[in-house]
Amino acid sequence: MNKWGKLSLGMLLAVGLLSGCGSNKNDNDSAATGNTNTGATKTLTMGTSADFPPYEFHKVVDGKDTIVGFDIDIAKDIAKDMGAELVIKDLPFDSLLNELSSGRVDIVISGLSPTEDRRKAVELSDIYYKADQAVVVREADKDKFATMDSLKNAKIGIQTGSIQEDIAKGIEGAKLTSLGKISEIILQLQSNRVDASIMEGPVAKAFVKNVPGLVITDAVPVVEDNGYVIGIKKGNTELLDKVNGTLTHLISEGKIEQYVTAASELSVSK
Ligand code: ARG
């Protein structure tokens with residue numbers, strides 16, 4: 001492995017570690033402030049899995065580990081429109097909807113795709129952004145995995161509880177490795193333990209820019225539920241309306257596109 005390979009591995013590990021501490025810290029924060037608004041300041045507690053550049057990811061800003069990304073920008077606007085203070089909880093992706101149903105978080109903004117099952121469990125907002133899926137492999141395998149068909153019998157790494165897990169389950173003979181964090185999947189790819197991974201196009205782009213030796217192939221996984229939505233607890237139509245209200249004005253002002261562009265630039269480590 002070359003110097004950059006090692007460096008990027010180190011970076012990914014650091015990101016993993018940082019997100020670990022982040023979640024503990026945030027857990028305590030929100031336990032202190034709580035979801036019940038007893039004091040003067042209202043809080044809006046957001047659950048997210050901050051392993052997902054440019055949607056939500058950790059970045060050192062002014063020497064401090066910070067969760068940034070276009071989902072975070074959107075969350076800030078929702079909180080602002082509500083006159084509330086935003087509290088971010090970094091949690092495993094597959095725990096997010098449970099956290100919502102049990103009231104430990106008020107909203108889930110995490111590049112969430114609107115599947116039928118999720119729609120049954122929680123309220124889903126209007127779609128605020130759309131993107132395609134992509135397949136990430138090691139550079140040498142780019143041509144080998146140029147079609148979805150070529151992924152038959154391959155070892156595929158995907159995030160636990162994601163729609164990508166469902167896509168991969170539909171690939172004949174594929175051997176799946178489901179992991180909690182995208183950064184862990186990247187490590188598996190780098191160390192030849194999986195051959196391919198399926199992820200959102202913008203996320204794939206962010207990772208291949210930062211991790212030498214990985215590329216996006218020409219294979220395009222097709223999904224029905226393309227587009228991203230915000231999750232709100234079942235029955236909380238008051239908050240749902242507020243969230244949709246903010247999304248409507250952000251979309252009409254062209255703000256989401258701006259946030260995506262800015263977050264994509266931010267996600268390239270210098
Ligand atoms: N869009 C996919 C889904 O809803 C993956 C989302 C993963 N998000 C994350 N922040 N890791 O299943």
# chains A, B, ... in the order shown; residues from 1 in each chain; ligands from 1
call {"tool": "residues_near_ligand", "arguments": {"ligand": "ligand 1", "cutoff": "9 Å", "atoms": "only C-alpha atoms and all ligand atoms", "output": "NGL selection string"}}
result
:A and (48-53 or 55-57 or 92-94 or 109-115 or 133 or 159-166 or 180-182 or 199-200 or 225-229)
call {"tool": "residues_around", "arguments": {"residues": "Ala196 of chain A", "least_positions_apart": "5", "cutoff": "12 Å", "atoms": "only C-alpha atoms", "output": "VMD selection string"}}
result
chain A and resid 134 to 142 144 to 148 150 to 158 164 168 174 to 177 185 to 191 204 214 to 217 219
call {"tool": "residues_around", "arguments": {"residues": "His249 of chain A", "least_positions_apart": "6", "cutoff": "12 Å", "atoms": "only C-alpha atoms", "output": "PyMOL selection string"}}
result
chain A and resi 74+77-78+81+128+242-243+255-256
call {"tool": "select_by_dssp", "arguments": {"residues": "segment 63-94 of chain A", "states": "strand (DSSP E or B)", "output": "list in words"}}
result
Lys64, Asp65, Thr66, Ile67, Val68, Ala84, Glu85, Leu86, Val87, Ile88, Lys89 and Asp90 of chain A
call {"tool": "write_last_selection", "arguments": {"atoms": "all heavy atoms", "output": "PDB file, in the first residue's frame"}}
result
ATOM      1  N   LYS A  64     -12.324  21.782  15.828  1.00  0.00           N
ATOM      2  CA  LYS A  64     -13.321  21.007  16.592  1.00  0.00           C
ATOM      3  C   LYS A  64     -14.054  20.016  15.697  1.00  0.00           C
ATOM      4  O   LYS A  64     -14.477  20.371  14.595  1.00  0.00           O
ATOM      5  CB  LYS A  64     -14.361  21.983  17.194  1.00  0.00           C
ATOM      6  CG  LYS A  64     -14.387  21.970  18.713  1.00  0.00           C
ATOM      7  CD  LYS A  64     -15.473  22.892  19.264  1.00  0.00           C
ATOM      8  CE  LYS A  64     -16.852  22.269  19.199  1.00  0.00           C
ATOM      9  NZ  LYS A  64     -17.934  23.220  19.538  1.00  0.00           N
ATOM     10  N   ASP A  65     -14.214  18.784  16.188  1.00  0.00           N
ATOM     11  CA  ASP A  65     -14.984  17.788  15.432  1.00  0.00           C
ATOM     12  C   ASP A  65     -16.436  18.256  15.332  1.00  0.00           C
ATOM     13  O   ASP A  65     -17.093  18.504  16.337  1.00  0.00           O
ATOM     14  CB  ASP A  65     -14.913  16.431  16.148  1.00  0.00           C
ATOM     15  CG  ASP A  65     -15.873  15.426  15.520  1.00  0.00           C
ATOM     16  OD1 ASP A  65     -15.872  15.310  14.281  1.00  0.00           O
ATOM     17  OD2 ASP A  65     -16.637  14.784  16.267  1.00  0.00           O
ATOM     18  N   THR A  66     -16.915  18.374  14.091  1.00  0.00           N
ATOM     19  CA  THR A  66     -18.254  18.919  13.850  1.00  0.00           C
ATOM     20  C   THR A  66     -18.990  18.028  12.849  1.00  0.00           C
ATOM     21  O   THR A  66     -18.365  17.470  11.956  1.00  0.00           O
ATOM     22  CB  THR A  66     -18.118  20.346  13.233  1.00  0.00           C
ATOM     23  OG1 THR A  66     -17.183  21.082  14.011  1.00  0.00           O
ATOM     24  CG2 THR A  66     -19.438  21.088  13.218  1.00  0.00           C
ATOM     25  N   ILE A  67     -20.286  17.890  13.011  1.00  0.00           N
ATOM     26  CA  ILE A  67     -21.068  17.165  12.002  1.00  0.00           C
ATOM     27  C   ILE A  67     -21.597  18.190  11.003  1.00  0.00           C
ATOM     28  O   ILE A  67     -22.268  19.151  11.385  1.00  0.00           O
ATOM     29  CB  ILE A  67     -22.215  16.363  12.658  1.00  0.00           C
ATOM     30  CG1 ILE A  67     -21.640  15.306  13.615  1.00  0.00           C
ATOM     31  CG2 ILE A  67     -23.074  15.684  11.582  1.00  0.00           C
ATOM     32  CD1 ILE A  67     -22.678  14.522  14.397  1.00  0.00           C
ATOM     33  N   VAL A  68     -21.231  17.998   9.738  1.00  0.00           N
ATOM     34  CA  VAL A  68     -21.627  18.935   8.678  1.00  0.00           C
ATOM     35  C   VAL A  68     -22.295  18.151   7.551  1.00  0.00           C
ATOM     36  O   VAL A  68     -22.354  16.921   7.589  1.00  0.00           O
ATOM     37  CB  VAL A  68     -20.393  19.705   8.126  1.00  0.00           C
ATOM     38  CG1 VAL A  68     -19.789  20.606   9.187  1.00  0.00           C
ATOM     39  CG2 VAL A  68     -19.333  18.719   7.595  1.00  0.00           C
ATOM     40  N   ALA A  84     -36.385  26.928  17.195  1.00  0.00           N
ATOM     41  CA  ALA A  84     -35.845  25.924  18.115  1.00  0.00           C
ATOM     42  C   ALA A  84     -34.332  25.795  17.958  1.00  0.00           C
ATOM     43  O   ALA A  84     -33.756  26.196  16.946  1.00  0.00           O
ATOM     44  CB  ALA A  84     -36.507  24.575  17.858  1.00  0.00           C
ATOM     45  N   GLU A  85     -33.724  25.230  18.989  1.00  0.00           N
ATOM     46  CA  GLU A  85     -32.288  24.980  18.931  1.00  0.00           C
ATOM     47  C   GLU A  85     -32.077  23.554  18.440  1.00  0.00           C
ATOM     48  O   GLU A  85     -32.726  22.624  18.921  1.00  0.00           O
ATOM     49  CB  GLU A  85     -31.718  25.144  20.342  1.00  0.00           C
ATOM     50  CG  GLU A  85     -30.215  25.129  20.403  1.00  0.00           C
ATOM     51  CD  GLU A  85     -29.742  24.937  21.843  1.00  0.00           C
ATOM     52  OE1 GLU A  85     -30.360  25.557  22.742  1.00  0.00           O
ATOM     53  OE2 GLU A  85     -28.788  24.157  22.049  1.00  0.00           O
ATOM     54  N   LEU A  86     -31.179  23.374  17.467  1.00  0.00           N
ATOM     55  CA  LEU A  86     -30.953  22.044  16.890  1.00  0.00           C
ATOM     56  C   LEU A  86     -29.979  21.231  17.735  1.00  0.00           C
ATOM     57  O   LEU A  86     -28.902  21.700  18.079  1.00  0.00           O
ATOM     58  CB  LEU A  86     -30.412  22.179  15.461  1.00  0.00           C
ATOM     59  CG  LEU A  86     -30.159  20.866  14.720  1.00  0.00           C
ATOM     60  CD1 LEU A  86     -31.468  20.156  14.402  1.00  0.00           C
ATOM     61  CD2 LEU A  86     -29.365  21.114  13.442  1.00  0.00           C
ATOM     62  N   VAL A  87     -30.382  20.007  18.070  1.00  0.00           N
ATOM     63  CA  VAL A  87     -29.493  19.066  18.760  1.00  0.00           C
ATOM     64  C   VAL A  87     -29.295  17.886  17.817  1.00  0.00           C
ATOM     65  O   VAL A  87     -30.272  17.335  17.307  1.00  0.00           O
ATOM     66  CB  VAL A  87     -30.127  18.577  20.093  1.00  0.00           C
ATOM     67  CG1 VAL A  87     -29.247  17.526  20.754  1.00  0.00           C
ATOM     68  CG2 VAL A  87     -30.373  19.748  21.038  1.00  0.00           C
ATOM     69  N   ILE A  88     -28.030  17.524  17.553  1.00  0.00           N
ATOM     70  CA  ILE A  88     -27.767  16.424  16.615  1.00  0.00           C
ATOM     71  C   ILE A  88     -27.304  15.189  17.378  1.00  0.00           C
ATOM     72  O   ILE A  88     -26.394  15.267  18.196  1.00  0.00           O
ATOM     73  CB  ILE A  88     -26.687  16.825  15.589  1.00  0.00           C
ATOM     74  CG1 ILE A  88     -27.106  18.095  14.839  1.00  0.00           C
ATOM     75  CG2 ILE A  88     -26.426  15.688  14.603  1.00  0.00           C
ATOM     76  CD1 ILE A  88     -26.009  18.687  13.966  1.00  0.00           C
ATOM     77  N   LYS A  89     -27.945  14.055  17.104  1.00  0.00           N
ATOM     78  CA  LYS A  89     -27.507  12.776  17.683  1.00  0.00           C
ATOM     79  C   LYS A  89     -26.989  11.893  16.568  1.00  0.00           C
ATOM     80  O   LYS A  89     -27.732  11.568  15.633  1.00  0.00           O
ATOM     81  CB  LYS A  89     -28.693  12.064  18.334  1.00  0.00           C
ATOM     82  CG  LYS A  89     -29.043  12.511  19.720  1.00  0.00           C
ATOM     83  CD  LYS A  89     -29.996  11.470  20.292  1.00  0.00           C
ATOM     84  CE  LYS A  89     -30.385  11.731  21.717  1.00  0.00           C
ATOM     85  NZ  LYS A  89     -31.157  10.595  22.258  1.00  0.00           N
ATOM     86  N   ASP A  90     -25.710  11.484  16.670  1.00  0.00           N
ATOM     87  CA  ASP A  90     -25.111  10.602  15.671  1.00  0.00           C
ATOM     88  C   ASP A  90     -25.335   9.151  16.110  1.00  0.00           C
ATOM     89  O   ASP A  90     -24.813   8.721  17.136  1.00  0.00           O
ATOM     90  CB  ASP A  90     -23.617  10.924  15.564  1.00  0.00           C
ATOM     91  CG  ASP A  90     -22.927  10.136  14.470  1.00  0.00           C
ATOM     92  OD1 ASP A  90     -23.634   9.440  13.697  1.00  0.00           O
ATOM     93  OD2 ASP A  90     -21.691  10.217  14.382  1.00  0.00           O
TER      94      ASP A  90
END
call {"tool": "residues_around", "arguments": {"residues": "Asn210 of chain A", "least_positions_apart": "4", "cutoff": "7 Å", "atoms": "only C-alpha atoms", "output": "PDB file with all heavy atoms, in the first residue's frame"}}
result
ATOM      1  N   ALA A 206     -17.999  11.119  -3.171  1.00  0.00           N
ATOM      2  CA  ALA A 206     -17.213  11.689  -2.065  1.00  0.00           C
ATOM      3  C   ALA A 206     -16.134  10.702  -1.620  1.00  0.00           C
ATOM      4  O   ALA A 206     -14.986  11.088  -1.402  1.00  0.00           O
ATOM      5  CB  ALA A 206     -18.127  12.036  -0.894  1.00  0.00           C
ATOM      6  N   VAL A 268     -14.445  16.898   0.396  1.00  0.00           N
ATOM      7  CA  VAL A 268     -13.147  16.495  -0.145  1.00  0.00           C
ATOM      8  C   VAL A 268     -12.068  16.910   0.844  1.00  0.00           C
ATOM      9  O   VAL A 268     -11.913  18.111   1.102  1.00  0.00           O
ATOM     10  CB  VAL A 268     -12.899  17.139  -1.536  1.00  0.00           C
ATOM     11  CG1 VAL A 268     -11.561  16.705  -2.093  1.00  0.00           C
ATOM     12  CG2 VAL A 268     -14.023  16.760  -2.480  1.00  0.00           C
ATOM     13  N   SER A 269     -11.394  15.925   1.425  1.00  0.00           N
ATOM     14  CA  SER A 269     -10.401  16.279   2.441  1.00  0.00           C
ATOM     15  C   SER A 269      -9.168  16.849   1.773  1.00  0.00           C
ATOM     16  O   SER A 269      -8.684  16.324   0.781  1.00  0.00           O
ATOM     17  CB  SER A 269     -10.040  15.059   3.279  1.00  0.00           C
ATOM     18  OG  SER A 269      -9.720  13.993   2.435  1.00  0.00           O
TER      19      SER A 269
END
call {"tool": "closest_residue", "arguments": {"among": "A:Ile72, A:Leu266, A:Leu239, A:Ile232", "to": "Ser102 of chain A", "atoms": "only C-alpha atoms"}}
result
A:Ile232
call {"tool": "closest_residue", "arguments": {"among": "A:Thr41, A:Val60, A:Arg104, A:Asn236", "to": "Lys80 of chain A", "atoms": "only C-alpha atoms"}}
result
A:Thr41
call {"tool": "atom_distance", "arguments": {"atom1": "atom CA of Val122 of chain A", "atom2": "atom CA of Gly231 of chain A"}}
result
6.4 Å
call {"tool": "decode", "arguments": {"residues": "segment 213-253 of chain A", "atoms": "N, CA and C atoms", "output": "short mmCIF file (atom, residue, chain, number, x, y, z; two decimals), in the first residue's frame"}}
result
data_model
loop_
_atom_site.label_atom_id
_atom_site.label_comp_id
_atom_site.auth_asym_id
_atom_site.auth_seq_id
_atom_site.Cartn_x
_atom_site.Cartn_y
_atom_site.Cartn_z
N GLY A 213 -7.49 4.42 -5.17
CA GLY A 213 -7.61 3.00 -5.48
C GLY A 213 -9.05 2.52 -5.63
N LEU A 214 -10.02 3.37 -5.32
CA LEU A 214 -11.43 2.98 -5.49
C LEU A 214 -12.06 3.82 -6.59
N VAL A 215 -12.96 3.17 -7.35
CA VAL A 215 -13.62 3.87 -8.46
C VAL A 215 -15.11 3.50 -8.51
N ILE A 216 -15.85 4.30 -9.29
CA ILE A 216 -17.27 4.01 -9.54
C ILE A 216 -17.35 3.29 -10.89
N THR A 217 -18.11 2.20 -10.97
CA THR A 217 -18.21 1.48 -12.24
C THR A 217 -19.39 2.02 -13.05
N ASP A 218 -19.60 1.44 -14.25
CA ASP A 218 -20.71 1.87 -15.10
C ASP A 218 -22.03 1.22 -14.71
N ALA A 219 -21.99 0.29 -13.77
CA ALA A 219 -23.23 -0.39 -13.36
C ALA A 219 -24.12 0.59 -12.60
N VAL A 220 -25.41 0.61 -12.94
CA VAL A 220 -26.32 1.51 -12.24
C VAL A 220 -27.48 0.71 -11.62
N PRO A 221 -27.45 0.56 -10.29
CA PRO A 221 -28.56 -0.13 -9.63
C PRO A 221 -29.82 0.74 -9.73
N VAL A 222 -30.92 0.10 -10.12
CA VAL A 222 -32.17 0.87 -10.26
C VAL A 222 -33.01 0.66 -9.00
N VAL A 223 -33.50 1.75 -8.42
CA VAL A 223 -34.37 1.63 -7.25
C VAL A 223 -35.69 2.34 -7.50
N GLU A 224 -36.73 1.81 -6.86
CA GLU A 224 -38.05 2.43 -6.98
C GLU A 224 -38.12 3.69 -6.13
N ASP A 225 -37.56 3.59 -4.92
CA ASP A 225 -37.74 4.68 -3.96
C ASP A 225 -36.64 5.70 -4.08
N ASN A 226 -36.44 6.26 -5.27
CA ASN A 226 -35.34 7.22 -5.30
C ASN A 226 -35.83 8.58 -4.85
N GLY A 227 -34.98 9.31 -4.17
CA GLY A 227 -35.38 10.55 -3.53
C GLY A 227 -35.20 10.39 -2.03
N TYR A 228 -35.00 11.53 -1.35
CA TYR A 228 -34.74 11.50 0.10
C TYR A 228 -35.81 12.26 0.84
N VAL A 229 -36.16 11.72 1.99
CA VAL A 229 -37.23 12.31 2.79
C VAL A 229 -36.78 12.42 4.25
N ILE A 230 -37.57 13.15 5.02
CA ILE A 230 -37.29 13.30 6.45
C ILE A 230 -38.32 12.48 7.21
N GLY A 231 -37.87 11.76 8.22
CA GLY A 231 -38.77 10.95 9.03
C GLY A 231 -39.23 11.70 10.27
N ILE A 232 -40.51 11.55 10.59
CA ILE A 232 -41.11 12.18 11.78
C ILE A 232 -41.96 11.11 12.45
N LYS A 233 -42.13 11.20 13.77
CA LYS A 233 -42.89 10.18 14.48
C LYS A 233 -44.31 10.04 13.93
N LYS A 234 -44.77 8.80 13.85
CA LYS A 234 -46.13 8.52 13.35
C LYS A 234 -47.15 9.37 14.09
N GLY A 235 -48.00 10.04 13.34
CA GLY A 235 -49.08 10.82 13.95
C GLY A 235 -48.73 12.27 14.25
N ASN A 236 -47.44 12.62 14.21
CA ASN A 236 -47.06 14.02 14.50
C ASN A 236 -47.18 14.87 13.24
N THR A 237 -48.43 15.11 12.82
CA THR A 237 -48.65 15.83 11.57
C THR A 237 -48.32 17.32 11.72
N GLU A 238 -48.32 17.80 12.97
CA GLU A 238 -47.98 19.21 13.19
C GLU A 238 -46.52 19.45 12.78
N LEU A 239 -45.64 18.57 13.25
CA LEU A 239 -44.23 18.71 12.90
C LEU A 239 -44.01 18.40 11.41
N LEU A 240 -44.74 17.42 10.92
CA LEU A 240 -44.64 17.06 9.49
C LEU A 240 -44.95 18.29 8.61
N ASP A 241 -46.03 19.02 8.96
CA ASP A 241 -46.40 20.20 8.18
C ASP A 241 -45.31 21.27 8.25
N LYS A 242 -44.73 21.44 9.45
CA LYS A 242 -43.66 22.44 9.60
C LYS A 242 -42.46 22.06 8.73
N VAL A 243 -42.10 20.77 8.77
CA VAL A 243 -40.95 20.30 8.00
C VAL A 243 -41.20 20.51 6.50
N ASN A 244 -42.40 20.12 6.05
CA ASN A 244 -42.72 20.30 4.63
C ASN A 244 -42.74 21.77 4.23
N GLY A 245 -43.18 22.62 5.17
CA GLY A 245 -43.19 24.06 4.91
C GLY A 245 -41.78 24.57 4.65
N THR A 246 -40.83 24.16 5.50
CA THR A 246 -39.44 24.60 5.31
C THR A 246 -38.89 24.03 4.00
N LEU A 247 -39.15 22.74 3.73
CA LEU A 247 -38.63 22.13 2.50
C LEU A 247 -39.15 22.86 1.27
N THR A 248 -40.45 23.22 1.29
CA THR A 248 -41.05 23.90 0.13
C THR A 248 -40.31 25.21 -0.15
N HIS A 249 -40.04 25.99 0.91
CA HIS A 249 -39.36 27.27 0.60
C HIS A 249 -37.89 27.06 0.25
N LEU A 250 -37.24 26.07 0.85
CA LEU A 250 -35.83 25.80 0.49
C LEU A 250 -35.72 25.37 -0.97
N ILE A 251 -36.65 24.52 -1.40
CA ILE A 251 -36.61 24.03 -2.79
C ILE A 251 -36.88 25.19 -3.75
N SER A 252 -37.90 26.00 -3.45
CA SER A 252 -38.23 27.08 -4.39
C SER A 252 -37.16 28.16 -4.43
N GLU A 253 -36.40 28.30 -3.35
CA GLU A 253 -35.31 29.30 -3.35
C GLU A 253 -34.01 28.72 -3.92
#
